[in-house]
$ cat coords-v7.csv   # CSV, C-alpha atoms
chain,number,residue,atom,x,y,z
L,1,MET,CA,-5.0,-38.1,3.7
L,2,THR,CA,-1.5,-38.9,4.6
L,3,LYS,CA,1.6,-37.2,3.2
L,4,GLY,CA,2.7,-40.3,1.3
L,5,ARG,CA,-0.8,-40.7,-0.4
L,6,ALA,CA,-0.8,-37.0,-1.4
L,7,PHE,CA,2.6,-37.4,-2.9
L,8,ALA,CA,1.6,-40.6,-4.8
L,9,ILE,CA,-1.6,-38.9,-6.2
L,10,HIS,CA,0.3,-35.8,-7.3
L,11,LEU,CA,3.1,-37.9,-8.8
L,12,THR,CA,0.6,-40.1,-10.7
L,13,ALA,CA,-1.4,-37.1,-12.0
L,14,SER,CA,1.8,-35.3,-13.1
L,15,ALA,CA,3.2,-38.4,-14.9
L,16,ALA,CA,-0.2,-38.8,-16.7
L,17,VAL,CA,-0.1,-35.3,-18.0
L,18,VAL,CA,3.5,-35.6,-19.2
L,19,LEU,CA,2.7,-38.9,-20.9
L,20,ILE,CA,-0.2,-37.3,-22.7
L,21,LEU,CA,2.1,-34.5,-23.9
L,22,PHE,CA,4.7,-37.0,-24.9
L,23,GLY,CA,2.0,-38.8,-27.1
L,24,ILE,CA,1.0,-35.6,-28.8
L,25,MET,CA,4.7,-34.7,-29.5
L,26,ARG,CA,5.5,-38.1,-30.9
L,27,LEU,CA,2.3,-38.6,-33.0
L,28,VAL,CA,1.4,-35.1,-34.0
L,29,TRP,CA,4.0,-32.4,-33.5
L,30,TYR,CA,7.3,-34.4,-33.9
L,31,PRO,CA,6.5,-37.7,-35.7
L,32,ALA,CA,9.5,-39.9,-36.5
L,33,PRO,CA,12.2,-39.1,-37.2
L,34,TYR,CA,11.7,-35.5,-36.1
L,35,PHE,CA,11.4,-36.2,-32.4
L,36,ASP,CA,15.0,-37.4,-32.3
L,37,ILE,CA,16.7,-35.0,-34.8
L,38,ASN,CA,15.0,-31.9,-33.4
L,39,GLY,CA,16.0,-32.7,-29.8
L,40,GLY,CA,12.5,-33.7,-28.5
L,41,TRP,CA,14.0,-35.8,-25.7
L,42,THR,CA,16.0,-32.9,-24.4
L,43,VAL,CA,13.0,-30.5,-24.0
L,44,LEU,CA,10.8,-33.4,-22.7
L,45,ARG,CA,13.3,-34.3,-20.0
L,46,ILE,CA,13.4,-30.7,-18.8
L,47,LEU,CA,9.6,-30.4,-18.8
L,48,ALA,CA,9.3,-33.8,-17.0
L,49,GLY,CA,11.8,-32.8,-14.4
L,50,VAL,CA,9.7,-29.7,-13.5
L,51,ASP,CA,6.3,-31.3,-13.8
L,52,VAL,CA,6.9,-34.9,-12.5
L,53,VAL,CA,9.7,-34.3,-10.0
L,54,LEU,CA,9.5,-30.8,-8.7
L,55,GLY,CA,5.7,-30.6,-8.2
L,56,PRO,CA,5.3,-33.8,-6.2
L,57,ILE,CA,8.4,-33.1,-4.1
L,58,LEU,CA,7.0,-29.8,-3.1
L,59,THR,CA,3.8,-31.6,-2.2
L,60,LEU,CA,5.8,-34.0,-0.1
L,61,ILE,CA,7.4,-31.1,1.7
L,62,ALA,CA,4.4,-28.9,2.2
L,63,PHE,CA,1.6,-31.4,2.8
L,64,LYS,CA,0.7,-31.8,6.4
L,65,PRO,CA,-2.8,-33.1,7.4
L,66,GLY,CA,-4.7,-30.4,9.4
L,67,LYS,CA,-2.3,-27.6,8.4
L,68,PRO,CA,-4.3,-24.3,8.3
L,69,SER,CA,-2.7,-23.1,5.1
L,70,LEU,CA,-2.7,-26.5,3.4
L,71,ARG,CA,-5.3,-25.5,0.7
L,72,PHE,CA,-3.5,-22.3,-0.1
L,73,ASP,CA,-0.1,-24.1,-0.2
L,74,MET,CA,-1.4,-26.8,-2.5
L,75,SER,CA,-3.1,-24.2,-4.8
L,76,VAL,CA,0.2,-22.3,-5.2
L,77,ILE,CA,2.1,-25.5,-6.0
L,78,VAL,CA,-0.4,-26.7,-8.6
L,79,SER,CA,-0.6,-23.2,-10.1
L,80,LEU,CA,3.1,-23.0,-10.4
L,81,GLN,CA,3.2,-26.4,-11.9
L,82,LEU,CA,0.5,-25.6,-14.4
L,83,ALA,CA,2.2,-22.4,-15.4
L,84,ALA,CA,5.5,-24.3,-16.0
L,85,LEU,CA,3.6,-26.9,-18.0
L,86,VAL,CA,1.8,-24.3,-20.2
L,87,TYR,CA,5.0,-22.4,-20.8
L,88,GLY,CA,7.0,-25.5,-21.6
L,89,GLY,CA,4.3,-26.8,-23.8
L,90,SER,CA,4.1,-23.6,-25.8
L,91,LEU,CA,7.9,-23.6,-26.3
L,92,ILE,CA,7.7,-27.2,-27.5
L,93,TYR,CA,4.8,-26.3,-29.9
L,94,GLN,CA,6.7,-23.3,-31.3
L,95,GLN,CA,9.8,-25.5,-31.9
L,96,ARG,CA,7.9,-28.2,-33.7
L,97,PRO,CA,9.0,-28.8,-37.3
L,98,ALA,CA,6.4,-26.9,-39.4
L,99,PHE,CA,8.1,-27.6,-42.8
L,100,THR,CA,10.6,-30.0,-44.3
L,101,VAL,CA,12.1,-27.8,-47.0
L,102,PHE,CA,14.3,-28.9,-49.9
L,103,ALA,CA,16.8,-26.3,-51.0
L,104,VAL,CA,19.8,-26.8,-53.3
L,105,ASP,CA,21.0,-30.3,-52.2
L,106,ARG,CA,19.4,-31.0,-48.8
L,107,PHE,CA,16.2,-31.1,-46.8
L,108,THR,CA,15.9,-29.0,-43.6
L,109,ALA,CA,13.4,-29.4,-40.8
L,110,ILE,CA,12.3,-25.8,-40.1
L,111,PRO,CA,10.8,-25.0,-36.7
L,112,ALA,CA,7.5,-23.1,-36.6
L,113,ALA,CA,9.2,-20.3,-34.6
L,114,ASP,CA,11.5,-19.6,-37.6
L,115,VAL,CA,8.7,-19.4,-40.2
L,116,GLU,CA,7.1,-16.1,-41.3
L,117,PHE,CA,3.7,-17.7,-42.1
L,118,ASP,CA,2.3,-14.4,-43.4
L,119,ARG,CA,4.8,-14.5,-46.2
L,120,ILE,CA,3.8,-17.9,-47.6
L,121,ARG,CA,2.2,-17.5,-51.0
L,122,TYR,CA,0.7,-21.0,-51.7
L,123,PRO,CA,-2.7,-21.8,-50.0
L,124,GLU,CA,-1.8,-25.5,-49.7
L,125,LEU,CA,1.1,-24.5,-47.4
L,126,LYS,CA,-1.1,-22.5,-45.0
L,127,ARG,CA,-2.8,-25.2,-43.0
L,128,LEU,CA,-3.6,-24.5,-39.4
L,129,ILE,CA,-3.4,-28.0,-38.0
L,130,GLY,CA,-2.0,-31.3,-39.2
L,131,ILE,CA,0.4,-34.1,-38.3
L,132,GLY,CA,4.0,-33.5,-38.8
L,133,PRO,CA,5.8,-31.0,-41.1
L,134,LEU,CA,4.6,-30.2,-44.6
L,135,LEU,CA,7.0,-30.8,-47.5
L,136,ALA,CA,8.0,-27.7,-49.4
L,137,GLU,CA,10.9,-26.5,-51.6
L,138,ALA,CA,12.6,-23.2,-51.6
L,139,LEU,CA,13.9,-22.0,-55.0
L,140,PRO,CA,15.8,-18.7,-55.8
L,141,PRO,CA,13.6,-16.0,-57.4
L,142,GLU,CA,13.1,-16.4,-61.1
L,143,ASP,CA,14.1,-12.8,-61.8
L,144,PRO,CA,17.9,-12.7,-62.3
L,145,GLU,CA,18.4,-9.5,-60.4
L,146,GLU,CA,16.3,-10.6,-57.5
L,147,ARG,CA,18.2,-14.0,-57.5
L,148,ARG,CA,21.5,-12.2,-57.5
L,149,LYS,CA,20.4,-10.0,-54.5
L,150,VAL,CA,19.2,-13.0,-52.5
L,151,MET,CA,22.3,-15.1,-53.1
L,152,PHE,CA,24.6,-12.1,-52.4
L,153,ALA,CA,22.8,-11.4,-49.1
L,154,VAL,CA,23.1,-15.1,-48.1
L,155,VAL,CA,26.8,-15.4,-49.0
L,156,MET,CA,28.1,-11.9,-48.1
L,157,ASP,CA,25.8,-10.5,-45.4
L,158,GLY,CA,24.9,-13.7,-43.5
L,159,ALA,CA,21.2,-13.4,-44.4
L,160,LYS,CA,18.8,-16.3,-44.0
L,161,ASP,CA,19.4,-19.3,-46.3
L,162,LEU,CA,16.7,-20.1,-48.9
L,163,GLU,CA,15.1,-22.7,-46.7
L,164,TYR,CA,14.3,-20.1,-44.0
L,165,ARG,CA,12.7,-17.6,-46.5
L,166,ALA,CA,8.9,-18.4,-46.4
L,167,GLU,CA,8.3,-16.2,-49.4
L,168,LEU,CA,10.3,-18.6,-51.5
L,169,TYR,CA,8.4,-21.7,-50.4
L,170,ARG,CA,6.3,-23.6,-52.8
L,171,PRO,CA,4.8,-27.1,-52.7
L,172,TYR,CA,7.3,-29.9,-53.1
L,173,ARG,CA,7.4,-31.0,-56.8
L,174,PRO,CA,10.5,-33.1,-57.1
L,175,ASP,CA,12.6,-32.8,-60.2
L,176,LEU,CA,14.3,-36.2,-60.4
L,177,GLU,CA,17.2,-35.3,-62.5
L,178,PRO,CA,18.8,-32.7,-60.2
L,179,LEU,CA,17.8,-34.9,-57.2
L,180,SER,CA,19.8,-37.7,-58.7
L,181,ARG,CA,22.8,-35.5,-59.3
L,182,ARG,CA,22.8,-34.1,-55.8
L,183,GLY,CA,22.1,-37.3,-54.0
L,184,LEU,CA,24.6,-38.9,-51.6
L,185,ASP,CA,26.7,-41.8,-52.7
L,186,ILE,CA,25.1,-44.3,-50.3
L,187,ALA,CA,27.5,-47.2,-51.3
L,188,ARG,CA,30.5,-45.1,-50.3
L,189,LEU,CA,28.9,-43.9,-47.1
L,190,ALA,CA,27.9,-47.5,-46.2
L,191,ALA,CA,31.5,-48.7,-46.9
L,192,GLN,CA,32.9,-46.0,-44.6
L,193,ASP,CA,30.5,-46.3,-41.7
L,194,ASP,CA,29.1,-49.5,-40.1
L,195,GLU,CA,26.1,-47.6,-38.7
L,196,THR,CA,25.1,-46.4,-42.2
L,197,GLU,CA,25.5,-49.9,-43.6
L,198,ARG,CA,23.3,-51.4,-41.0
L,199,GLY,CA,20.7,-48.7,-41.5
L,200,LEU,CA,20.7,-49.3,-45.2
L,201,THR,CA,20.3,-53.0,-44.7
L,202,ARG,CA,17.3,-52.5,-42.4
L,203,LEU,CA,15.7,-50.0,-44.8
L,204,LEU,CA,15.9,-52.3,-47.8
L,205,GLU,CA,14.5,-55.2,-45.7
L,206,ARG,CA,11.5,-53.1,-44.8
L,207,LEU,CA,10.9,-51.4,-48.2
L,208,GLY,CA,12.2,-54.0,-50.6
L,209,GLY,CA,14.2,-53.5,-53.7
L,210,ALA,CA,17.8,-52.6,-54.1
L,211,ALA,CA,19.8,-49.6,-52.9
L,212,GLY,CA,19.7,-48.1,-56.4
L,213,ASP,CA,15.9,-47.9,-56.3
L,214,TYR,CA,16.2,-44.9,-53.9
L,215,LEU,CA,17.8,-41.5,-53.6
L,216,TYR,CA,19.6,-40.3,-50.5
L,217,LEU,CA,19.9,-36.7,-49.4
L,218,PRO,CA,20.8,-35.0,-46.1
L,219,LEU,CA,18.0,-34.1,-43.7
L,220,ARG,CA,19.1,-31.4,-41.3
L,221,GLY,CA,17.5,-31.2,-37.9
L,222,GLN,CA,18.0,-28.8,-35.0
L,223,HIS,CA,19.8,-31.5,-32.9
L,224,ARG,CA,21.4,-33.7,-35.5
L,225,ASP,CA,21.3,-34.6,-39.2
L,226,ILE,CA,20.3,-37.9,-40.8
L,227,ILE,CA,19.9,-39.4,-44.3
L,228,LEU,CA,16.4,-39.0,-45.9
L,229,VAL,CA,15.5,-41.7,-48.4
L,230,LEU,CA,13.4,-40.9,-51.5
L,231,SER,CA,11.8,-43.1,-54.0
L,232,ARG,CA,13.7,-42.8,-57.3
L,233,ALA,CA,10.3,-43.2,-59.1
L,234,ASP,CA,8.6,-40.1,-57.8
L,235,GLY,CA,11.1,-38.3,-55.5
L,236,GLN,CA,8.8,-38.7,-52.5
L,237,PRO,CA,10.1,-39.6,-49.0
L,238,ALA,CA,10.2,-43.4,-48.4
L,239,GLY,CA,12.1,-43.6,-45.2
L,240,TRP,CA,15.3,-42.5,-43.5
L,241,ILE,CA,18.7,-43.9,-42.3
L,242,ASP,CA,19.6,-42.8,-38.8
L,243,SER,CA,23.2,-41.9,-39.5
L,244,ASP,CA,25.4,-38.9,-40.3
L,245,PRO,CA,25.0,-37.9,-44.0
L,246,TRP,CA,28.2,-35.9,-44.0
L,247,PRO,CA,31.2,-38.0,-45.1
$ encode --input "coords-v7.csv" --output "structure tokens"
Amino acid sequence: MTKGRAFAIHLTASAAVVLILFGIMRLVWYPAPYFDINGGWTVLRILAGVDVVLGPILTLIAFKPGKPSLRFDMSVIVSLQLAALVYGGSLIYQQRPAFTVFAVDRFTAIPAADVEFDRIRYPELKRLIGIGPLLAEALPPEDPEERRKVMFAVVMDGAKDLEYRAELYRPYRPDLEPLSRRGLDIARLAAQDDETERGLTRLLERLGGAAGDYLYLPLRGQHRDIILVLSRADGQPAGWIDSDPWP
């Protein structure tokens, strides 16, 4: 086998592995819009750089037909590449959005690494596998004294906000009245920003109806924030507008 053929085989195999991981990320771990707002492209580019570029280049450098240590050299290269792939894949998996949590006036995509799963109380929020994040809401404790302690800790001591406290999670049961009050003024945002206006137009063309048939709230991601669109009829997500929700 020639050096060029060995490089081509290694490059093809590496690219196939990264494409499979990309498919899992886009379809299972980071379905739209979470791949973009949680920085999926950033981590994938790093992983692809290591797996698709570095590994085959090392093969191109080390491969020499008839070389006594060729098998050992290739074993080391492949082992290092697999170790990097497993490590990178595990980080990507840990950073996947496990929950989309509504708290106060916004939704937040919460990475699995930030969730204390053993503190979740509701069985329906304890799934082991699934596609994309689960919808949940985080409400302050019902006990006034506990509520005061939690809010004081968040405001004064820099403790975790409600959406990061797994013990406060419960299944998402939208209350339309406060959702309506806390929703974004999409007409004003569209008037101020051409990107928002175009996104709203595309959304209504796809879903039908008028802008007033939907509610609009911020969706915070690790990388950037967008506008989550809810049905005004039941408060369930209907789509999103890929623009900044903060006026």
$ closest_residue --input "coords-v7.csv" --among "L:Asp51, L:Asp36, L:Asp234, L:Asp213" --to "Val86 (chain L)" --atoms "only C-alpha atoms"
L:Asp51
$ closest_residue --input "coords-v7.csv" --among "L:Thr2, L:Gln222, L:Gln81, L:Thr42" --to "Pro97 (chain L)" --atoms "all atoms listed in the file"
L:Gln222
$ closest_residue --input "coords-v7.csv" --among "L:Trp246, L:Pro174, L:Lys3, L:Thr201" --to "Ser231 (chain L)" --atoms "all atoms listed in the file"
L:Pro174
$ closest_residue --input "coords-v7.csv" --among "L:Ile226, L:Val18, L:Ile186, L:Leu162" --to "Tyr214 (chain L)" --atoms "only C-alpha atoms"
L:Ile186
$ residues_around --input "coords-v7.csv" --residues "Leu70 (chain L)" --least-positions-apart "4" --cutoff "12 Å" --atoms "only C-alpha atoms" --output "list of chain:residue names"
L:Met1, L:Lys3, L:Ala6, L:Thr59, L:Leu60, L:Ile61, L:Ala62, L:Phe63, L:Lys64, L:Pro65, L:Gly66, L:Met74, L:Ser75, L:Val76, L:Ile77
$ closest_residue --input "coords-v7.csv" --among "L:Ala113, L:Arg121, L:Gln236, L:Ser180" --to "Leu135 (chain L)" --atoms "only C-alpha atoms"
L:Gln236
$ atom_distance --input "coords-v7.csv" --atom1 "CA of Glu163 (chain L)" --atom2 "CA of Arg224 (chain L)"
16.9 Å
$ closest_residue --input "coords-v7.csv" --among "L:Ala48, L:Ala13, L:Ile131, L:Ala83" --to "Arg26 (chain L)" --atoms "all atoms listed in the file"
L:Ile131
$ residues_around --input "coords-v7.csv" --residues "Leu47 (chain L)" --least-positions-apart "6" --cutoff "8 Å" --atoms "only C-alpha atoms" --output "PyMOL selection string"
chain L and resi 84-85+88
$ atom_distance --input "coords-v7.csv" --atom1 "CA of Ala187 (chain L)" --atom2 "CA of Thr100 (chain L)"
25.1 Å
$ atom_distance --input "coords-v7.csv" --atom1 "CA of Ile37 (chain L)" --atom2 "CA of Ile110 (chain L)"
11.5 Å
$ residues_near_point --input "coords-v7.csv" --point "(4.2, -25.5, -28.0)" --cutoff "12 Å" --atoms "all atoms listed in the file" --output "compact mmCIF listing (two decimals) with C-alpha atoms, in the frame of the given file"
# COMPACT_ATOMS: atom_id res chain seq x y z
CA LEU L 21 2.10 -34.50 -23.90
CA PHE L 22 4.70 -37.00 -24.90
CA ILE L 24 1.00 -35.60 -28.80
CA MET L 25 4.70 -34.70 -29.50
CA VAL L 28 1.40 -35.10 -34.00
CA TRP L 29 4.00 -32.40 -33.50
CA TYR L 30 7.30 -34.40 -33.90
CA GLY L 40 12.50 -33.70 -28.50
CA VAL L 43 13.00 -30.50 -24.00
CA LEU L 44 10.80 -33.40 -22.70
CA LEU L 47 9.60 -30.40 -18.80
CA LEU L 85 3.60 -26.90 -18.00
CA VAL L 86 1.80 -24.30 -20.20
CA TYR L 87 5.00 -22.40 -20.80
CA GLY L 88 7.00 -25.50 -21.60
CA GLY L 89 4.30 -26.80 -23.80
CA SER L 90 4.10 -23.60 -25.80
CA LEU L 91 7.90 -23.60 -26.30
CA ILE L 92 7.70 -27.20 -27.50
CA TYR L 93 4.80 -26.30 -29.90
CA GLN L 94 6.70 -23.30 -31.30
CA GLN L 95 9.80 -25.50 -31.90
CA ARG L 96 7.90 -28.20 -33.70
CA PRO L 97 9.00 -28.80 -37.30
CA ALA L 98 6.40 -26.90 -39.40
CA PRO L 111 10.80 -25.00 -36.70
CA ALA L 112 7.50 -23.10 -36.60
CA ALA L 113 9.20 -20.30 -34.60
$ decode --input "coords-v7.csv" --residues "region 165-242 of chain L" --atoms "C-alpha atoms" --output "tab-separated table (two decimals), in the first residue's frame"
chain	number	residue	atom	x	y	z
L	165	ARG	CA	-32.15	23.96	40.51
L	166	ALA	CA	-33.28	20.46	39.58
L	167	GLU	CA	-35.22	20.05	42.82
L	168	LEU	CA	-37.58	22.80	41.61
L	169	TYR	CA	-38.24	21.20	38.22
L	170	ARG	CA	-41.70	20.00	37.35
L	171	PRO	CA	-43.32	19.02	34.05
L	172	TYR	CA	-44.14	22.00	31.86
L	173	ARG	CA	-47.78	22.94	32.39
L	174	PRO	CA	-48.15	26.36	30.80
L	175	ASP	CA	-50.27	29.01	32.47
L	176	LEU	CA	-51.36	31.13	29.54
L	177	GLU	CA	-52.19	34.29	31.47
L	178	PRO	CA	-48.70	34.95	32.90
L	179	LEU	CA	-47.11	33.73	29.67
L	180	SER	CA	-49.09	36.36	27.80
L	181	ARG	CA	-48.08	39.08	30.24
L	182	ARG	CA	-44.40	38.18	30.09
L	183	GLY	CA	-44.22	37.61	26.37
L	184	LEU	CA	-42.12	39.76	24.06
L	185	ASP	CA	-43.69	42.52	21.99
L	186	ILE	CA	-42.93	40.89	18.64
L	187	ALA	CA	-44.38	43.79	16.63
L	188	ARG	CA	-41.95	46.22	18.27
L	189	LEU	CA	-39.00	43.85	17.87
L	190	ALA	CA	-39.83	43.28	14.20
L	191	ALA	CA	-40.09	47.01	13.63
L	192	GLN	CA	-36.67	47.56	15.21
L	193	ASP	CA	-34.81	44.69	13.55
L	194	ASP	CA	-34.99	43.49	9.94
L	195	GLU	CA	-33.76	40.00	10.86
L	196	THR	CA	-36.60	39.57	13.35
L	197	GLU	CA	-39.11	40.82	10.80
L	198	ARG	CA	-37.89	38.34	8.18
L	199	GLY	CA	-37.90	35.52	10.72
L	200	LEU	CA	-41.45	36.33	11.78
L	201	THR	CA	-42.59	36.40	8.16
L	202	ARG	CA	-41.03	33.00	7.44
L	203	LEU	CA	-42.55	31.56	10.62
L	204	LEU	CA	-46.08	32.71	9.77
L	205	GLU	CA	-45.72	31.40	6.22
L	206	ARG	CA	-44.81	28.00	7.61
L	207	LEU	CA	-47.28	27.81	10.51
L	208	GLY	CA	-50.13	29.93	9.17
L	209	GLY	CA	-52.24	32.37	11.12
L	210	ALA	CA	-51.33	35.82	12.32
L	211	ALA	CA	-48.60	37.04	14.66
L	212	GLY	CA	-51.18	37.44	17.43
L	213	ASP	CA	-51.90	33.70	17.37
L	214	TYR	CA	-48.58	33.05	19.08
L	215	LEU	CA	-46.59	34.03	22.15
L	216	TYR	CA	-42.92	34.97	22.01
L	217	LEU	CA	-40.42	34.44	24.81
L	218	PRO	CA	-36.62	34.41	25.03
L	219	LEU	CA	-34.82	31.08	24.73
L	220	ARG	CA	-31.36	31.31	26.26
L	221	GLY	CA	-28.61	29.06	24.95
L	222	GLN	CA	-24.99	28.60	25.93
L	223	HIS	CA	-23.79	30.28	22.75
L	224	ARG	CA	-26.58	32.76	21.94
L	225	ASP	CA	-30.24	33.53	22.57
L	226	ILE	CA	-33.21	33.37	20.19
L	227	ILE	CA	-36.98	33.84	20.31
L	228	LEU	CA	-39.08	30.79	21.17
L	229	VAL	CA	-42.57	30.83	19.66
L	230	LEU	CA	-45.47	29.27	21.58
L	231	SER	CA	-49.03	28.52	20.54
L	232	ARG	CA	-51.36	30.97	22.23
L	233	ALA	CA	-53.95	28.18	22.42
L	234	ASP	CA	-51.99	25.79	24.67
L	235	GLY	CA	-48.62	27.42	25.41
L	236	GLN	CA	-46.67	24.65	23.69
L	237	PRO	CA	-43.63	25.42	21.49
L	238	ALA	CA	-44.56	25.92	17.85
L	239	GLY	CA	-41.28	27.16	16.41
L	240	TRP	CA	-38.60	29.79	16.85
L	241	ILE	CA	-37.26	32.98	15.32
L	242	ASP	CA	-33.51	33.02	14.89
